[in-house]
Each structure stands twice: as structure tokens, then as C-alpha cells.
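Undergrad: Can you keep this structure in mind? I'll have questions shortly.
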Amino acid sequence: MPEIEENMFKDIHNESSVRIAIAPQSQSGNIALQSPLIDRKGGSGGAFELLEFLIASGAIGTGGATFTTTITEGDLANGSDQAAVASTNLLGTTAAASFTGANPNSTFKLGYTGVRRYVQITITIAANASPAFVSALALLGAPAVLPTP
């Protein structure tokens with residue numbers, strides 16, 4: 001039985017939910033890629049206390065391109081109250097989760113520790129003239145109900 005009890009503390013599968021924040025895509029040009037509102041208190045799997053954004057870059061054709069990451073938060077389902085997240089409510093920094101064309105095929109992460117229900121990530125691409133591949137996932141953890149679907 002000790003092995004079963006030990007494995008219970010290693011279970012991320014039943015204690016998390018993954019949502020597509022920014023679907024994998026190739027972008028040529030300058031654009032803001034904005035996720036839907038990530039609902040931390042409802043939806044599939046119920047309420048979650050923890051949120052981590054996982055960002056991936058693929059091939060980036062323009063070396064001088066910049067990819068600036070921002071996070072907003074709010075409590076209204078229509079997003080009308082979304083505001084920038086204070087740095088004290090982030091694990092990591094938006095600067096560390098931002099990147100340039102010099103960072104192809106890389107991963108970045110940014111955690112949210114605030115209390116707002118809805119959180120949104122935006123990756124703004126600038127100075128980009130060639131295809132650049134970008135995606136982001138929202139990893140939700142510490143659910144109110146176990147196991148998560």
C-alpha cells in the first residue's frame with residue numbers, strides 16, 4: 001500500500017485540465033493572437049485554483065521579429081473588465097515569456113496566482129515578414145473536484 005499512497009502525490013493527470021489558449025498556427029505579418037477567456041471557476045472540470053500558460057514557438061523566419069506576451073484578468077464573462085495582471089500575481093514575468101526571432105523551437109511558461117475568474121493571454125507579433133509558428137496552452141490545476149474529466 002505505501003506505493004499506492006506515494007503515487008497519489010505524483011498524479012498530475014487527474015488533478016489538471018488542459019485548454020487550448022492559442023491554437024498552433026503560422027503567422028506572417030504583425031498581429032495580436034488573443035486567447036479566449038480562460039474560465040478558472042467553471043466550465044469543463046469545475047473550478048481550478050492554479051493556472052500556468054505554456055507557450056511554444058516553432059520555426060520563425062524573421063530573426064528580428066518580436067513576440068510580446070501579456071496577461072489580463074477579470075470577473076465578467078464578456079471580458080469587459082479585463083485589465084493587465086499585476087506582476088505580484090504572476091509566477092515568472094511577461095518579459096521572460098516574450099521572445100524574438102532568435103528563439104525558434106522554444107518553450108516558455110507564465111503562471112497566474114491572482115483571484116480573478118477569467119484570464120486571457122495575448123501574444124503580439126511585430127516586425128515579422130515571414131512565417132512564424134506560435135501556440136499556447138492553459139494548464140489548470142488544483143481542481144475543486146477530483147478526478148478532472
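If you're wondering about the labels, chains in the C-alpha cells are A, B, ... by order shown, residues count from 1 in each chain, ligands from 1 in order shown.
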Counting only C-alpha atoms, what is within 9 Å of stretch 92-100 of chain A, bar same-chain residues fewer than 6 positions away, as JSON, numbers by chain?

TA: {"A": [55, 57, 60, 62, 63, 64, 65, 66, 67, 68, 69, 70, 71, 107, 108, 109, 110, 111, 112, 123]}

Undergrad: For the residues selected in the previous step, produce a file with N, CA and C atoms as an mmCIF file, in the first residue's frame.

TA:
data_model
loop_
_atom_site.group_PDB
_atom_site.id
_atom_site.type_symbol
_atom_site.label_atom_id
_atom_site.label_comp_id
_atom_site.auth_asym_id
_atom_site.auth_seq_id
_atom_site.Cartn_x
_atom_site.Cartn_y
_atom_site.Cartn_z
ATOM 1 N N ILE A 55 3.768 28.248 -23.502
ATOM 2 C CA ILE A 55 3.900 28.878 -24.820
ATOM 3 C C ILE A 55 4.968 28.142 -25.605
ATOM 4 N N SER A 57 7.139 28.195 -29.410
ATOM 5 C CA SER A 57 7.447 28.774 -30.721
ATOM 6 C C SER A 57 7.977 27.649 -31.595
ATOM 7 N N ILE A 60 10.716 30.217 -36.991
ATOM 8 C CA ILE A 60 10.472 31.652 -37.118
ATOM 9 C C ILE A 60 11.367 32.155 -38.242
ATOM 10 N N THR A 62 11.710 35.305 -39.555
ATOM 11 C CA THR A 62 12.283 36.642 -39.443
ATOM 12 C C THR A 62 13.018 36.772 -38.123
ATOM 13 N N GLY A 63 14.333 36.894 -38.181
ATOM 14 C CA GLY A 63 15.146 36.963 -36.967
ATOM 15 C C GLY A 63 14.843 38.156 -36.089
ATOM 16 N N GLY A 64 14.409 39.276 -36.677
ATOM 17 C CA GLY A 64 14.126 40.477 -35.904
ATOM 18 C C GLY A 64 12.704 40.556 -35.379
ATOM 19 N N ALA A 65 11.901 39.543 -35.623
ATOM 20 C CA ALA A 65 10.513 39.553 -35.143
ATOM 21 C C ALA A 65 10.476 39.520 -33.617
ATOM 22 N N THR A 66 9.473 40.181 -33.040
ATOM 23 C CA THR A 66 9.284 40.142 -31.594
ATOM 24 C C THR A 66 7.910 39.561 -31.278
ATOM 25 N N PHE A 67 7.838 38.850 -30.177
ATOM 26 C CA PHE A 67 6.624 38.189 -29.709
ATOM 27 C C PHE A 67 6.435 38.588 -28.247
ATOM 28 N N THR A 68 5.554 39.545 -28.011
ATOM 29 C CA THR A 68 5.367 40.109 -26.679
ATOM 30 C C THR A 68 4.141 39.482 -26.025
ATOM 31 N N THR A 69 4.350 38.912 -24.849
ATOM 32 C CA THR A 69 3.288 38.231 -24.120
ATOM 33 C C THR A 69 2.707 39.136 -23.044
ATOM 34 N N THR A 70 1.378 39.203 -22.990
ATOM 35 C CA THR A 70 0.686 39.923 -21.924
ATOM 36 C C THR A 70 -0.432 39.042 -21.379
ATOM 37 N N ILE A 71 -0.783 39.289 -20.125
ATOM 38 C CA ILE A 71 -1.851 38.539 -19.462
ATOM 39 C C ILE A 71 -2.828 39.550 -18.864
ATOM 40 N N THR A 107 10.288 26.895 -25.692
ATOM 41 C CA THR A 107 9.110 26.894 -24.824
ATOM 42 C C THR A 107 9.293 27.924 -23.715
ATOM 43 N N PHE A 108 8.174 28.460 -23.260
ATOM 44 C CA PHE A 108 8.151 29.473 -22.211
ATOM 45 C C PHE A 108 6.945 29.183 -21.331
ATOM 46 N N LYS A 109 6.989 29.637 -20.087
ATOM 47 C CA LYS A 109 5.843 29.437 -19.204
ATOM 48 C C LYS A 109 5.623 30.673 -18.348
ATOM 49 N N LEU A 110 4.363 30.851 -17.963
ATOM 50 C CA LEU A 110 3.984 32.007 -17.157
ATOM 51 C C LEU A 110 2.802 31.602 -16.286
ATOM 52 N N GLY A 111 2.977 31.683 -14.976
ATOM 53 C CA GLY A 111 1.936 31.270 -14.048
ATOM 54 C C GLY A 111 1.108 32.438 -13.543
ATOM 55 N N TYR A 112 -0.143 32.151 -13.204
ATOM 56 C CA TYR A 112 -1.077 33.149 -12.677
ATOM 57 C C TYR A 112 -1.470 32.759 -11.264
ATOM 58 N N ILE A 123 -0.394 37.185 -27.350
ATOM 59 C CA ILE A 123 0.971 37.254 -27.888
ATOM 60 C C ILE A 123 0.908 38.178 -29.090
#

Undergrad: Among stretch 1-148 of chain A, which ones does DSSP place in helix (DSSP H, G or I), written as an MDAnalysis selection string?

TA: chainID A and resid 2:8 87:89

Undergrad: Could you give me, as a list of chain:residue names, the residues within 7 Å of stretch 28-32 of chain A, counting only C-alpha atoms and dropping anything in the same chain fewer than 6 positions from it?

TA: A:Thr122, A:Ile123, A:Thr124, A:Ile125, A:Ala126, A:Ala127, A:Asn128, A:Ala129, A:Ser130, A:Pro131, A:Ala132

Undergrad: I need the residues of stretch 5-84 of chain A that end up classed as strand (DSSP E) by DSSP on the backbone, written out as an NGL selection string.

TA: :A and (16-27 or 31-34 or 38-39 or 48-60 or 66-74 or 83-84)

Undergrad: Taking into account only C-alpha atoms, which residue in the set A:Asp39, A:Gly46, A:Pro24, A:Ala83 is nearest to A:Gly58?

TA: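 The closest residue to A:Gly58 is A:Pro24.
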
Undergrad: Can you pull out the residues contacting A:Thr88? Cut-off 9 Å, using only C-alpha atoms, and skip same-chain residues under 3 positions away; I want them as a list in words.

TA: Val85, Leu91, Thr113 and Gly114 of chain A

Undergrad: Taking into account only C-alpha atoms, which residue in the set A:Ala47, A:Asp11, A:Pro104, A:Ile20 is nearest to A:Val145?

TA: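 So, comparing all the options, the nearest one is A:Ala47.
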
Undergrad: Could you check how far atom CA of A:Ala21 sits from atom CA of A:Ile121, in Å to one decimal?

TA: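 The value is 7.3 Å.
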
Undergrad: Tell me which of A:Leu139, A:Ile22, A:Ala86, A:Ala77 sits closest to A:Phe48, counting only C-alpha atoms.

TA: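 Of all the options, A:Leu139 lies closest to A:Phe48.
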
Undergrad: For a quick check of understanding, using only C-alpha atoms, which of A:Ala102, A:Val119, A:Leu90, A:Gly61 has the smallest distance to A:Asn78?

TA: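 Among A:Ala102, A:Val119, A:Leu90, A:Gly61, it is A:Val119 that comes nearest to A:Asn78.
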
Undergrad: To one decimal place, how far is atom CA of A:Ser106 from atom CA of A:Ala56 in Å?

TA: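 Going from atom CA of A:Ser106 over to atom CA of A:Ala56, I get 5.8 Å.
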
Undergrad: Determine the nearest neighbour of A:Phe53 from the options A:Leu33, A:Leu140, A:Leu146, A:Ile12, counting only C-alpha atoms.

TA: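 Comparing A:Leu33, A:Leu140, A:Leu146, A:Ile12 against A:Phe53, the winner is A:Leu140.
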
Undergrad: Looking at A:Arg117, A:His13, A:Arg19, A:Arg40, which one is nearest to A:Ser135, with distances taken over only C-alpha atoms?

TA: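 Selected residue with least distance to A:Ser135: A:Arg19.
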
Undergrad: Calculate how many Å separate atom CA of A:Gln27 from atom CA of A:Leu54, rounding to one decimal.

TA: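 The value is 18.5 Å.
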